[in-house]
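Single-structure report; data block below.
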Number of protein chains: 2
Amino acid sequence: MKEIFQPLVWREGVLRLIDQRKLPQEEAWLESQTWQTTASAIRDMVVRGAPAIGIAAAWGVVQAACTVSEITPQTLKPALDGLAASRPTAVNLFWALERMSETIAAVAGLPADQALARLEDEARAIHEEDLAANLRMGELGAEWARTMGKGAVLTHCNTGSLATGGYGTALGVIRSAWQAGLVETVYVDETRPWLQGARLTAWELMRDGIPAQLIADVAAASVMRDKGVKWVVVGADRITARGDVANKIGTYGLAVLARYHGVKFAVAAPLSTIDPHLEKGEDIPIEERTPDEVCQLGGVRTAPAGMAAYNPVFDVTPAELVDAIITERGVVEQPDAMKMKALLAASA
Amino acid sequence: MKEIFQPLVWREGVLRLIDQRKLPQEEAWLESQTWQTTASAIRDMVVRGAPAIGIAAAWGVVQAACTVSEITPQTLKPALDGLAASRPTAVNLFWALERMSETIAAVAGLPADQALARLEDEARAIHEEDLAANLRMGELGAEWARTMGKGAVLTHCNTGSLATGGYGTALGVIRSAWQAGLVETVYVDETRPWLQGARLTAWELMRDGIPAQLIADVAAASVMRDKGVKWVVVGADRITARGDVANKIGTYGLAVLARYHGVKFAVAAPLSTIDPHLEKGEDIPIEERTPDEVCQLGGVRTAPAGMAAYNPVFDVTPAELVDAIITERGVVEQPDAMKMKALLAASA
């Protein structure tokens with residue numbers, strides 16, 4: 001496998017982000033110098049993927065801290081609020097901002113250069129811990145997959161290096177399972193409307209030389225029935241206290257189809273994706289984006305002008321359809337509120 | 001409702017076909033003067049939809065008959081074979097060619113102008129009977145839908161005027177149910193990779209002023225759960241003797257999702273779609289098309305160059321997931337071999 005790709009690179013106040021809207025045609029990098037540009041990059045999906053959004057936001061806070069006369073919760077409130085408003089569903093964003101807020105509170109009063117250094121250390125820790133968590137999820141996920149033997153795997157959206165601090169969540173599990181000889185081929189949903197599967201997951205799997213086949217999203221049901229799929233693995237944008245999972249639109253349908261076909265359905269996500277304050281999936285705010293994303297593709301209009309569209313970006317899969325939640329701290333099979341609580345309470 | 005749109009128009013040996021690959025951006029018409037051009041138009045999807053393909057093929061036979069010195073089964077064999085090879089899955093194609101073959105056998109020996117006139121009458125009858133069957137399916141389908149009360153409806157692909165001799169099969173049922181006040185809104189799957197829903201069904205529904213919302217295919221599961229969908233209706237390319245249904249890829253997944261959500265799942269298709277010689281859905285030949293259709297969109301490449309793709313055009317839904325097969329001769333609920341046999345045996 002090639003070295004782990006880094007979609008976010010920090011150097012001296014500048015956050016370089018690979019522009020994921022342009023992949024795979026073009027490897028263009030956006031250089032963000034301000035928290036406002038970083039917030040826009042999150043909103044406009046230059047950077048996407050729940051863990052990557054959290055990391056970008058943490059670096060955005062450091063950028064804001066460079067510009068204030070004094071580092072305090074008050075002076076940085078506009079930046080924290082502005083970054084929090086960039087995307088509504090992924091909880092990793094709020095989790096990362098909360099960690100940065102706590103650090104801000106802790107360093108208020110220190111000399112500016114020391115305070116700034118502490119904030120920079122915290123953002124770097126968030127980034128590096130995410131990569132480490134992904135590598136650990138890969139190990140644990142491959143172990144979980146081993147019980148099913150070698151077979152085909154199906155995934156949705158992009159949950160790889162591009163969506164995280166590197167390696168990936170669900171795609172990290174696939175990487176590790178493939179290295180362990182457990183994956184015959186990966187069926188990749190193209191993942192309309194943004195085509196994260198066709199553009200990004202395909203790009204990552206080709207880069208690593210892992211055998212993969214792209215499918216139209218609608219082919220998933222017959223692929224599960226006819227092509228020896230042993231398990232499906234997806235990421236998550238938010239997981240509730242009882243194990244309901246908000247993730248890319250289409251995830252819920254895959255979970256229903258997997259259950260119907262006796263295919264195991266796993267969710268791989270770091271602990272930072274779990275929102276212990278939310279009990280039920282119905283309480284997760286679901287982002288809706290412009291109908292244009294459904295009515296056109298790559299700037300080319302597909303539907304007739306004036307056609308209405310409904311474009312939810314995420315859906316919620318109830319815990320009872322999830323066979324395993326794979327985290328860096330362990331795998332929770334058939335999740336429920338008690339098991340999730342035990343996971344969160346366990347020592348790291 | 002506006003007058004019924006006609007995607008195939010025959011005049012003095014010329015078959016005019018609206019080029020469905022260019023809709024909705026452009027209403028371009030192909031004028032086919034030869035059976036070879038008509039066969040290419042079927043293969044290249046200028047004309048698509050199982051009933052429309054059958055009608056086009058029938059007119060293609062008439063075009064071939066214009067060119068032979070004597071109208072006999074032998075002289076027309078190349079045309080019959082060539083037209084039969086244009087698409088493999090839809091049985092209406094073979095059914096229409098069979099009807100034309102029988103007519104050829106019956107008129108062999110008649111003076112050429114009389115024989116030709118009889119063939120032209122037969123092709124016109126195939127076309128007009130299809131339209132009449134669709135209008136009748138609409139009535140019967142709306143009657144079936146009435147038992148569920150007013151609600152949202154979901155459909156896949158294009159099964160309207162464009163796919164048939166006019167009015168449509170599944171979309172015809174939706175038209176009639178809407179006129180009967182039973183449809184709040186129509187959720188239209190965009191239907192990758194060809195986007196027949198986004199391009200063609202959206203175009204037809206807007207033309208008729210029927211309220212509709214386009215969705216990414218992956219949103220169907222949460223729409224069924226959250227948006228008051230009472231029934232799903234789709235067309236068919238082939239229905240077996242026991243009621244298994246081959247239709248556009250994605251149909252099978254919708255049937256599984258509908259069953260899970262307690263949403264009724266109906267298939268609307270003329271009797272010519274039923275293939276009494278095939279027992280099981282597994283025996284239906286399923287066309288695979290080029291991976292390019294999944295790896296690009298409208299000529300724009302979406303996946304990385306060299307990415308592999310699996311691109312089945314159809315899938316098979318077993319009869320046990322189908323709540324109703326709506327034909328011009330009646331509605332078969334919970335289809336099985338006995339009920340299908342009784343339908344075929346019933347007098348028209």
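By convention here, the chains of the structure tokens are called A, B, ... in the order presented, each chain's residues are numbered starting at 1, and ligands are numbered starting at 1 in the order presented.
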Chain B near chain A within 9 Å: what's each residue's closest atom pair and its distance in Å to one decimal, counting only C-alpha atoms, ordered by chain then ascending residue number, as a Markdown table?
| residue | atom | partner | partner_atom | distance |
| --- | --- | --- | --- | --- |
| B:Leu23 | CA | A:Pro304 | CA | 8.4 |
| B:Pro24 | CA | A:Pro304 | CA | 5.6 |
| B:Gln25 | CA | A:Pro304 | CA | 7.0 |
| B:Tyr187 | CA | A:Tyr310 | CA | 8.6 |
| B:Val188 | CA | A:Ala309 | CA | 8.8 |
| B:Glu190 | CA | A:Val294 | CA | 8.0 |
| B:Thr191 | CA | A:Val218 | CA | 7.6 |
| B:Arg192 | CA | A:Ala216 | CA | 6.1 |
| B:Pro193 | CA | A:Ala216 | CA | 6.3 |
| B:Leu195 | CA | A:Thr302 | CA | 7.6 |
| B:Gly197 | CA | A:Ala303 | CA | 8.4 |
| B:Ala198 | CA | A:Ala303 | CA | 4.7 |
| B:Arg199 | CA | A:Ala303 | CA | 4.8 |
| B:Leu200 | CA | A:Ala303 | CA | 8.0 |
| B:Ala202 | CA | A:Ala303 | CA | 6.7 |
| B:Trp203 | CA | A:Pro304 | CA | 6.0 |
| B:Met206 | CA | A:Met307 | CA | 7.3 |
| B:Pro211 | CA | A:Ala308 | CA | 8.7 |
| B:Ala212 | CA | A:Ala308 | CA | 6.8 |
| B:Gln213 | CA | A:Ala309 | CA | 4.5 |
| B:Leu214 | CA | A:Ala309 | CA | 4.3 |
| B:Ile215 | CA | A:Tyr310 | CA | 5.6 |
| B:Ala216 | CA | A:Arg192 | CA | 6.1 |
| B:Asp217 | CA | A:Val218 | CA | 6.5 |
| B:Val218 | CA | A:Gly250 | CA | 4.3 |
| B:Ala219 | CA | A:Gly250 | CA | 5.7 |
| B:Ala220 | CA | A:Gly253 | CA | 7.6 |
| B:Ala221 | CA | A:Gly253 | CA | 4.9 |
| B:Ser222 | CA | A:Asp315 | CA | 6.6 |
| B:Ile249 | CA | A:Ala219 | CA | 6.0 |
| B:Gly250 | CA | A:Val218 | CA | 4.2 |
| B:Thr251 | CA | A:Val218 | CA | 7.9 |
| B:Tyr252 | CA | A:Ala221 | CA | 6.7 |
| B:Gly253 | CA | A:Ala221 | CA | 4.9 |
| B:Leu254 | CA | A:Ala221 | CA | 8.7 |
| B:Val256 | CA | A:Leu257 | CA | 6.9 |
| B:Leu257 | CA | A:Val256 | CA | 6.9 |
| B:Tyr260 | CA | A:Val256 | CA | 7.6 |
| B:Pro291 | CA | A:Leu214 | CA | 8.4 |
| B:Val294 | CA | A:Ala216 | CA | 6.2 |
| B:Cys295 | CA | A:Ala198 | CA | 7.0 |
| B:Leu297 | CA | A:Leu297 | CA | 7.6 |
| B:Gly298 | CA | A:Val300 | CA | 7.8 |
| B:Val300 | CA | A:Gly298 | CA | 7.8 |
| B:Arg301 | CA | A:Gln25 | CA | 8.2 |
| B:Thr302 | CA | A:Arg199 | CA | 5.9 |
| B:Ala303 | CA | A:Ala198 | CA | 4.7 |
| B:Pro304 | CA | A:Pro24 | CA | 5.6 |
| B:Ala305 | CA | A:Pro24 | CA | 8.7 |
| B:Gly306 | CA | A:Met206 | CA | 8.6 |
| B:Met307 | CA | A:Ala202 | CA | 6.8 |
| B:Ala308 | CA | A:Gln213 | CA | 4.9 |
| B:Ala309 | CA | A:Leu214 | CA | 4.3 |
| B:Tyr310 | CA | A:Ile215 | CA | 5.6 |
| B:Asn311 | CA | A:Ile215 | CA | 6.5 |
| B:Pro312 | CA | A:Ala219 | CA | 7.5 |
| B:Val313 | CA | A:Ala219 | CA | 8.9 |
| B:Phe314 | CA | A:Ala219 | CA | 8.9 |
| B:Asp315 | CA | A:Ser222 | CA | 6.6 |
| B:Val316 | CA | A:Ser222 | CA | 8.1 |
Checklist entry - Near B:Ile55, counting only C-alpha atoms, which residues have an atom at most 9 Å away, once you skip same-chain residues fewer than 4 positions from it, shown as a PyMOL selection string? => result chain B and resi 8+50-51+59-60+92-93+96+123-124+126-127+130+164-165
Export of prior selection with N, CA, C and O atoms as a PDB file, in the first residue's frame:
ATOM      1  N   LEU B   8     -43.234   7.810 -31.132  1.00  0.00           N
ATOM      2  CA  LEU B   8     -42.973   7.147 -32.417  1.00  0.00           C
ATOM      3  C   LEU B   8     -44.070   7.581 -33.386  1.00  0.00           C
ATOM      4  O   LEU B   8     -45.253   7.419 -33.091  1.00  0.00           O
ATOM      5  N   ALA B  50     -39.793  -0.989 -22.823  1.00  0.00           N
ATOM      6  CA  ALA B  50     -40.113  -2.276 -23.438  1.00  0.00           C
ATOM      7  C   ALA B  50     -41.224  -2.177 -24.493  1.00  0.00           C
ATOM      8  O   ALA B  50     -41.038  -2.649 -25.626  1.00  0.00           O
ATOM      9  N   PRO B  51     -42.371  -1.553 -24.209  1.00  0.00           N
ATOM     10  CA  PRO B  51     -43.414  -1.519 -25.237  1.00  0.00           C
ATOM     11  C   PRO B  51     -42.992  -0.690 -26.461  1.00  0.00           C
ATOM     12  O   PRO B  51     -43.273  -1.083 -27.606  1.00  0.00           O
ATOM     13  N   TRP B  59     -42.497  -1.630 -36.788  1.00  0.00           N
ATOM     14  CA  TRP B  59     -42.354  -0.704 -37.920  1.00  0.00           C
ATOM     15  C   TRP B  59     -41.085  -1.015 -38.715  1.00  0.00           C
ATOM     16  O   TRP B  59     -41.060  -0.864 -39.941  1.00  0.00           O
ATOM     17  N   GLY B  60     -40.050  -1.462 -38.022  1.00  0.00           N
ATOM     18  CA  GLY B  60     -38.815  -1.851 -38.708  1.00  0.00           C
ATOM     19  C   GLY B  60     -39.058  -2.974 -39.703  1.00  0.00           C
ATOM     20  O   GLY B  60     -38.494  -2.990 -40.809  1.00  0.00           O
ATOM     21  N   ASN B  92     -41.228  -7.801 -25.047  1.00  0.00           N
ATOM     22  CA  ASN B  92     -42.170  -7.187 -25.992  1.00  0.00           C
ATOM     23  C   ASN B  92     -41.571  -7.112 -27.385  1.00  0.00           C
ATOM     24  O   ASN B  92     -42.285  -7.186 -28.386  1.00  0.00           O
ATOM     25  N   LEU B  93     -40.270  -6.949 -27.451  1.00  0.00           N
ATOM     26  CA  LEU B  93     -39.567  -6.931 -28.730  1.00  0.00           C
ATOM     27  C   LEU B  93     -39.813  -8.233 -29.489  1.00  0.00           C
ATOM     28  O   LEU B  93     -40.213  -8.228 -30.666  1.00  0.00           O
ATOM     29  N   ALA B  96     -43.531  -8.679 -30.458  1.00  0.00           N
ATOM     30  CA  ALA B  96     -43.950  -7.884 -31.623  1.00  0.00           C
ATOM     31  C   ALA B  96     -43.396  -8.508 -32.909  1.00  0.00           C
ATOM     32  O   ALA B  96     -44.096  -8.588 -33.935  1.00  0.00           O
ATOM     33  N   ALA B 123     -48.543  -3.591 -37.862  1.00  0.00           N
ATOM     34  CA  ALA B 123     -47.685  -2.730 -37.038  1.00  0.00           C
ATOM     35  C   ALA B 123     -48.515  -1.626 -36.388  1.00  0.00           C
ATOM     36  O   ALA B 123     -48.344  -1.321 -35.195  1.00  0.00           O
ATOM     37  N   ARG B 124     -49.451  -1.059 -37.167  1.00  0.00           N
ATOM     38  CA  ARG B 124     -50.302  -0.002 -36.607  1.00  0.00           C
ATOM     39  C   ARG B 124     -51.164  -0.564 -35.473  1.00  0.00           C
ATOM     40  O   ARG B 124     -51.369   0.086 -34.449  1.00  0.00           O
ATOM     41  N   ILE B 126     -50.398  -3.069 -33.500  1.00  0.00           N
ATOM     42  CA  ILE B 126     -49.529  -3.253 -32.327  1.00  0.00           C
ATOM     43  C   ILE B 126     -49.381  -1.930 -31.582  1.00  0.00           C
ATOM     44  O   ILE B 126     -49.482  -1.856 -30.362  1.00  0.00           O
ATOM     45  N   HIS B 127     -49.172  -0.878 -32.349  1.00  0.00           N
ATOM     46  CA  HIS B 127     -48.997   0.456 -31.767  1.00  0.00           C
ATOM     47  C   HIS B 127     -50.283   0.899 -31.061  1.00  0.00           C
ATOM     48  O   HIS B 127     -50.272   1.285 -29.890  1.00  0.00           O
ATOM     49  N   ASP B 130     -51.331  -1.020 -27.983  1.00  0.00           N
ATOM     50  CA  ASP B 130     -50.521  -0.691 -26.815  1.00  0.00           C
ATOM     51  C   ASP B 130     -51.079   0.541 -26.111  1.00  0.00           C
ATOM     52  O   ASP B 130     -51.224   0.561 -24.885  1.00  0.00           O
ATOM     53  N   THR B 164     -43.634   3.892 -24.398  1.00  0.00           N
ATOM     54  CA  THR B 164     -44.736   3.056 -24.885  1.00  0.00           C
ATOM     55  C   THR B 164     -45.328   3.643 -26.168  1.00  0.00           C
ATOM     56  O   THR B 164     -44.770   4.580 -26.735  1.00  0.00           O
ATOM     57  N   GLY B 165     -46.475   3.113 -26.555  1.00  0.00           N
ATOM     58  CA  GLY B 165     -47.222   3.713 -27.664  1.00  0.00           C
ATOM     59  C   GLY B 165     -47.971   4.968 -27.247  1.00  0.00           C
ATOM     60  O   GLY B 165     -48.692   5.551 -28.063  1.00  0.00           O
TER      61      GLY B 165
END
Next on the checklist: Need the shell around B:Thr89: protein/DNA/RNA residues with any atom at most 7 Å away, counting only C-alpha atoms. Skip same-chain ones fewer than 4 positions apart. Format as a list in words?
Outcome noted: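 Surrounding residues, per the criterion: Asp237, Pro285, Ile286 and Glu287 of chain B.
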Got a sec to tell me which of stretch 196-289 of chain A DSSP assigns to helix (DSSP H, G or I), as a tab-separated table (two decimals) with N, CA, C and O atoms, in the first residue's frame?
chain	number	residue	atom	x	y	z
A	196	GLN	N	-19.33	10.76	-4.32
A	196	GLN	CA	-18.11	10.56	-3.52
A	196	GLN	C	-17.51	9.17	-3.76
A	196	GLN	O	-16.31	8.99	-3.67
A	197	GLY	N	-18.38	8.19	-4.04
A	197	GLY	CA	-17.88	6.85	-4.31
A	197	GLY	C	-17.16	6.80	-5.65
A	197	GLY	O	-16.02	6.31	-5.74
A	198	ALA	N	-17.81	7.29	-6.68
A	198	ALA	CA	-17.24	7.25	-8.04
A	198	ALA	C	-15.97	8.08	-8.13
A	198	ALA	O	-15.01	7.70	-8.80
A	199	ARG	N	-15.97	9.21	-7.44
A	199	ARG	CA	-14.85	10.12	-7.60
A	199	ARG	C	-13.74	9.84	-6.59
A	199	ARG	O	-12.57	9.78	-6.94
A	200	LEU	N	-14.11	9.66	-5.34
A	200	LEU	CA	-13.11	9.67	-4.27
A	200	LEU	C	-12.72	8.27	-3.79
A	200	LEU	O	-11.54	7.96	-3.69
A	201	THR	N	-13.74	7.43	-3.51
A	201	THR	CA	-13.40	6.08	-3.05
A	201	THR	C	-12.72	5.30	-4.18
A	201	THR	O	-11.75	4.58	-3.94
A	202	ALA	N	-13.23	5.46	-5.40
A	202	ALA	CA	-12.58	4.82	-6.55
A	202	ALA	C	-11.13	5.27	-6.66
A	202	ALA	O	-10.22	4.46	-6.88
A	203	TRP	N	-10.90	6.54	-6.49
A	203	TRP	CA	-9.55	7.12	-6.58
A	203	TRP	C	-8.64	6.52	-5.50
A	203	TRP	O	-7.51	6.11	-5.77
A	204	GLU	N	-9.14	6.43	-4.28
A	204	GLU	CA	-8.32	5.87	-3.20
A	204	GLU	C	-8.02	4.38	-3.40
A	204	GLU	O	-6.90	3.92	-3.17
A	205	LEU	N	-9.04	3.63	-3.82
A	205	LEU	CA	-8.83	2.19	-3.98
A	205	LEU	C	-7.89	1.90	-5.15
A	205	LEU	O	-7.05	1.00	-5.07
A	206	MET	N	-8.01	2.66	-6.23
A	206	MET	CA	-7.09	2.47	-7.35
A	206	MET	C	-5.67	2.80	-6.93
A	206	MET	O	-4.72	2.12	-7.30
A	207	ARG	N	-5.54	3.86	-6.15
A	207	ARG	CA	-4.22	4.30	-5.67
A	207	ARG	C	-3.56	3.19	-4.84
A	207	ARG	O	-2.35	2.99	-4.90
A	208	ASP	N	-4.36	2.44	-4.08
A	208	ASP	CA	-3.83	1.38	-3.23
A	208	ASP	C	-3.79	0.03	-3.93
A	208	ASP	O	-3.33	-0.96	-3.34
A	217	ASP	N	-25.78	3.23	-7.64
A	217	ASP	CA	-26.32	2.96	-6.30
A	217	ASP	C	-27.45	1.93	-6.34
A	217	ASP	O	-27.57	1.10	-5.44
A	218	VAL	N	-28.27	2.01	-7.38
A	218	VAL	CA	-29.44	1.12	-7.48
A	218	VAL	C	-29.08	-0.34	-7.68
A	218	VAL	O	-29.94	-1.21	-7.58
A	219	ALA	N	-27.82	-0.63	-8.01
A	219	ALA	CA	-27.42	-2.02	-8.23
A	219	ALA	C	-27.07	-2.74	-6.92
A	219	ALA	O	-26.85	-3.95	-6.91
A	220	ALA	N	-27.04	-2.01	-5.81
A	220	ALA	CA	-26.58	-2.60	-4.55
A	220	ALA	C	-27.41	-3.83	-4.15
A	220	ALA	O	-26.86	-4.83	-3.68
A	221	ALA	N	-28.73	-3.77	-4.34
A	221	ALA	CA	-29.58	-4.89	-3.91
A	221	ALA	C	-29.23	-6.16	-4.67
A	221	ALA	O	-29.05	-7.23	-4.07
A	222	SER	N	-29.10	-6.07	-6.00
A	222	SER	CA	-28.83	-7.31	-6.73
A	222	SER	C	-27.38	-7.75	-6.53
A	222	SER	O	-27.10	-8.95	-6.55
A	223	VAL	N	-26.47	-6.81	-6.30
A	223	VAL	CA	-25.09	-7.19	-5.98
A	223	VAL	C	-25.06	-7.96	-4.65
A	223	VAL	O	-24.39	-8.99	-4.53
A	224	MET	N	-25.80	-7.50	-3.67
A	224	MET	CA	-25.85	-8.23	-2.38
A	224	MET	C	-26.41	-9.63	-2.58
A	224	MET	O	-25.94	-10.58	-1.96
A	225	ARG	N	-27.41	-9.75	-3.44
A	225	ARG	CA	-28.04	-11.06	-3.64
A	225	ARG	C	-27.17	-12.00	-4.45
A	225	ARG	O	-27.09	-13.19	-4.16
A	226	ASP	N	-26.49	-11.45	-5.49
A	226	ASP	CA	-25.88	-12.32	-6.49
A	226	ASP	C	-24.35	-12.38	-6.46
A	226	ASP	O	-23.77	-13.20	-7.18
A	251	THR	N	-27.58	5.24	3.21
A	251	THR	CA	-27.09	4.28	4.20
A	251	THR	C	-28.23	3.45	4.77
A	251	THR	O	-28.13	2.22	4.89
A	252	TYR	N	-29.32	4.13	5.11
A	252	TYR	CA	-30.47	3.43	5.70
A	252	TYR	C	-31.01	2.35	4.76
A	252	TYR	O	-31.27	1.22	5.17
A	253	GLY	N	-31.13	2.70	3.48
A	253	GLY	CA	-31.60	1.71	2.52
A	253	GLY	C	-30.66	0.51	2.43
A	253	GLY	O	-31.10	-0.65	2.37
A	254	LEU	N	-29.36	0.77	2.45
A	254	LEU	CA	-28.38	-0.33	2.42
A	254	LEU	C	-28.53	-1.23	3.65
A	254	LEU	O	-28.40	-2.45	3.55
A	255	ALA	N	-28.81	-0.61	4.80
A	255	ALA	CA	-28.96	-1.40	6.03
A	255	ALA	C	-30.17	-2.32	5.93
A	255	ALA	O	-30.12	-3.49	6.32
A	256	VAL	N	-31.27	-1.80	5.37
A	256	VAL	CA	-32.48	-2.62	5.18
A	256	VAL	C	-32.17	-3.76	4.21
A	256	VAL	O	-32.52	-4.92	4.46
A	257	LEU	N	-31.51	-3.44	3.11
A	257	LEU	CA	-31.19	-4.46	2.10
A	257	LEU	C	-30.24	-5.51	2.67
A	257	LEU	O	-30.37	-6.70	2.39
A	258	ALA	N	-29.26	-5.06	3.46
A	258	ALA	CA	-28.30	-6.00	4.05
A	258	ALA	C	-29.03	-6.98	4.96
A	258	ALA	O	-28.82	-8.20	4.90
A	259	ARG	N	-29.91	-6.45	5.80
A	259	ARG	CA	-30.65	-7.31	6.73
A	259	ARG	C	-31.47	-8.35	5.95
A	259	ARG	O	-31.49	-9.53	6.27
A	260	TYR	N	-32.12	-7.87	4.88
A	260	TYR	CA	-32.96	-8.76	4.07
A	260	TYR	C	-32.15	-9.90	3.46
A	260	TYR	O	-32.62	-11.01	3.32
A	261	HIS	N	-30.91	-9.59	3.07
A	261	HIS	CA	-30.07	-10.58	2.40
A	261	HIS	C	-29.16	-11.35	3.34
A	261	HIS	O	-28.32	-12.12	2.89
A	271	LEU	N	-14.79	7.47	18.23
A	271	LEU	CA	-15.65	7.82	19.37
A	271	LEU	C	-16.18	9.24	19.27
A	271	LEU	O	-17.27	9.53	19.75
A	272	SER	N	-15.42	10.11	18.60
A	272	SER	CA	-15.84	11.51	18.49
A	272	SER	C	-17.13	11.66	17.68
A	272	SER	O	-17.74	12.72	17.67
A	273	THR	N	-17.55	10.60	17.01
A	273	THR	CA	-18.79	10.64	16.22
A	273	THR	C	-20.00	10.37	17.10
A	273	THR	O	-21.14	10.61	16.70
A	281	GLY	N	-32.27	8.71	16.91
A	281	GLY	CA	-31.89	9.19	15.58
A	281	GLY	C	-32.80	10.29	15.08
A	281	GLY	O	-32.37	11.20	14.37
A	282	GLU	N	-34.08	10.23	15.45
A	282	GLU	CA	-35.04	11.24	14.97
A	282	GLU	C	-34.64	12.64	15.42
A	282	GLU	O	-35.11	13.64	14.86
A	283	ASP	N	-33.80	12.74	16.47
A	283	ASP	CA	-33.43	14.05	16.99
A	283	ASP	C	-32.22	14.65	16.28
A	283	ASP	O	-31.83	15.78	16.55
Next on the checklist: With only C-alpha atoms as the counted atoms, please give the residues lying no more than 8 Å from stretch 106-119 of chain A, apart from itself and same-chain residues fewer than 2 positions off, as number ranges by chain.
Outcome noted: A: 62, 65-66, 70-73, 100, 102-104, 121-123
Keeping only N, CA, C and O atoms, write those residues as a PDB file, in the first residue's frame.
ATOM      1  N   VAL A  62      -7.282  27.768  15.287  1.00  0.00           N
ATOM      2  CA  VAL A  62      -5.900  28.268  15.412  1.00  0.00           C
ATOM      3  C   VAL A  62      -5.705  29.493  14.510  1.00  0.00           C
ATOM      4  O   VAL A  62      -5.080  30.485  14.906  1.00  0.00           O
ATOM      5  N   ALA A  65      -7.162  32.372  16.192  1.00  0.00           N
ATOM      6  CA  ALA A  65      -6.361  32.780  17.350  1.00  0.00           C
ATOM      7  C   ALA A  65      -5.151  33.623  16.945  1.00  0.00           C
ATOM      8  O   ALA A  65      -4.654  34.431  17.733  1.00  0.00           O
ATOM      9  N   CYS A  66      -4.679  33.435  15.715  1.00  0.00           N
ATOM     10  CA  CYS A  66      -3.536  34.221  15.223  1.00  0.00           C
ATOM     11  C   CYS A  66      -3.909  35.693  15.031  1.00  0.00           C
ATOM     12  O   CYS A  66      -3.038  36.553  14.952  1.00  0.00           O
ATOM     13  N   GLU A  70      -5.933  39.173  21.979  1.00  0.00           N
ATOM     14  CA  GLU A  70      -5.810  38.364  23.188  1.00  0.00           C
ATOM     15  C   GLU A  70      -6.635  37.094  22.983  1.00  0.00           C
ATOM     16  O   GLU A  70      -7.763  37.165  22.476  1.00  0.00           O
ATOM     17  N   ILE A  71      -6.103  35.944  23.366  1.00  0.00           N
ATOM     18  CA  ILE A  71      -6.816  34.682  23.164  1.00  0.00           C
ATOM     19  C   ILE A  71      -7.722  34.422  24.352  1.00  0.00           C
ATOM     20  O   ILE A  71      -7.247  34.068  25.445  1.00  0.00           O
ATOM     21  N   THR A  72      -9.029  34.637  24.157  1.00  0.00           N
ATOM     22  CA  THR A  72     -10.015  34.388  25.219  1.00  0.00           C
ATOM     23  C   THR A  72     -11.260  33.769  24.575  1.00  0.00           C
ATOM     24  O   THR A  72     -11.450  33.876  23.356  1.00  0.00           O
ATOM     25  N   PRO A  73     -12.108  33.143  25.400  1.00  0.00           N
ATOM     26  CA  PRO A  73     -13.364  32.613  24.854  1.00  0.00           C
ATOM     27  C   PRO A  73     -14.164  33.703  24.132  1.00  0.00           C
ATOM     28  O   PRO A  73     -14.824  33.430  23.122  1.00  0.00           O
ATOM     29  N   MET A 100     -11.349  22.498  21.338  1.00  0.00           N
ATOM     30  CA  MET A 100     -10.600  23.746  21.158  1.00  0.00           C
ATOM     31  C   MET A 100     -11.080  24.801  22.164  1.00  0.00           C
ATOM     32  O   MET A 100     -10.267  25.554  22.713  1.00  0.00           O
ATOM     33  N   GLU A 102     -12.286  24.300  25.147  1.00  0.00           N
ATOM     34  CA  GLU A 102     -11.735  23.967  26.464  1.00  0.00           C
ATOM     35  C   GLU A 102     -10.272  24.399  26.560  1.00  0.00           C
ATOM     36  O   GLU A 102      -9.822  24.906  27.586  1.00  0.00           O
ATOM     37  N   THR A 103      -9.554  24.216  25.476  1.00  0.00           N
ATOM     38  CA  THR A 103      -8.150  24.641  25.471  1.00  0.00           C
ATOM     39  C   THR A 103      -8.051  26.166  25.552  1.00  0.00           C
ATOM     40  O   THR A 103      -7.196  26.702  26.264  1.00  0.00           O
ATOM     41  N   ILE A 104      -8.929  26.837  24.836  1.00  0.00           N
ATOM     42  CA  ILE A 104      -8.944  28.308  24.900  1.00  0.00           C
ATOM     43  C   ILE A 104      -9.153  28.762  26.343  1.00  0.00           C
ATOM     44  O   ILE A 104      -8.431  29.630  26.852  1.00  0.00           O
ATOM     45  N   ASP A 121      -0.956  22.862  19.299  1.00  0.00           N
ATOM     46  CA  ASP A 121      -0.724  21.480  19.765  1.00  0.00           C
ATOM     47  C   ASP A 121      -2.036  20.698  19.842  1.00  0.00           C
ATOM     48  O   ASP A 121      -2.089  19.513  19.501  1.00  0.00           O
ATOM     49  N   GLU A 122      -3.085  21.386  20.311  1.00  0.00           N
ATOM     50  CA  GLU A 122      -4.364  20.703  20.473  1.00  0.00           C
ATOM     51  C   GLU A 122      -4.945  20.309  19.106  1.00  0.00           C
ATOM     52  O   GLU A 122      -5.440  19.186  18.920  1.00  0.00           O
ATOM     53  N   ALA A 123      -4.864  21.221  18.151  1.00  0.00           N
ATOM     54  CA  ALA A 123      -5.379  20.913  16.810  1.00  0.00           C
ATOM     55  C   ALA A 123      -4.582  19.757  16.201  1.00  0.00           C
ATOM     56  O   ALA A 123      -5.146  18.838  15.590  1.00  0.00           O
TER      57      ALA A 123
END
Item to check | Shell of 8 Å around A:Val322, only C-alpha atoms, local chain residues under 5 positions omitted, as a list in words | outcome: Ala255, Phe265, Ala266, Val267, Thr317, Glu333, Gln334 and Pro335 of chain A
Write the residues of the selection above to a file with C-alpha atoms, as a compact mmCIF listing (two decimals), in the first residue's frame.
# COMPACT_ATOMS: atom_id res chain seq x y z
CA ALA A 255 -28.96 -1.40 6.03
CA PHE A 265 -23.92 -4.29 8.22
CA ALA A 266 -21.14 -2.43 10.02
CA VAL A 267 -20.51 1.23 10.82
CA THR A 317 -30.34 4.05 10.37
CA GLU A 333 -22.13 -5.82 18.12
CA GLN A 334 -25.93 -5.36 17.93
CA PRO A 335 -25.61 -1.94 19.57
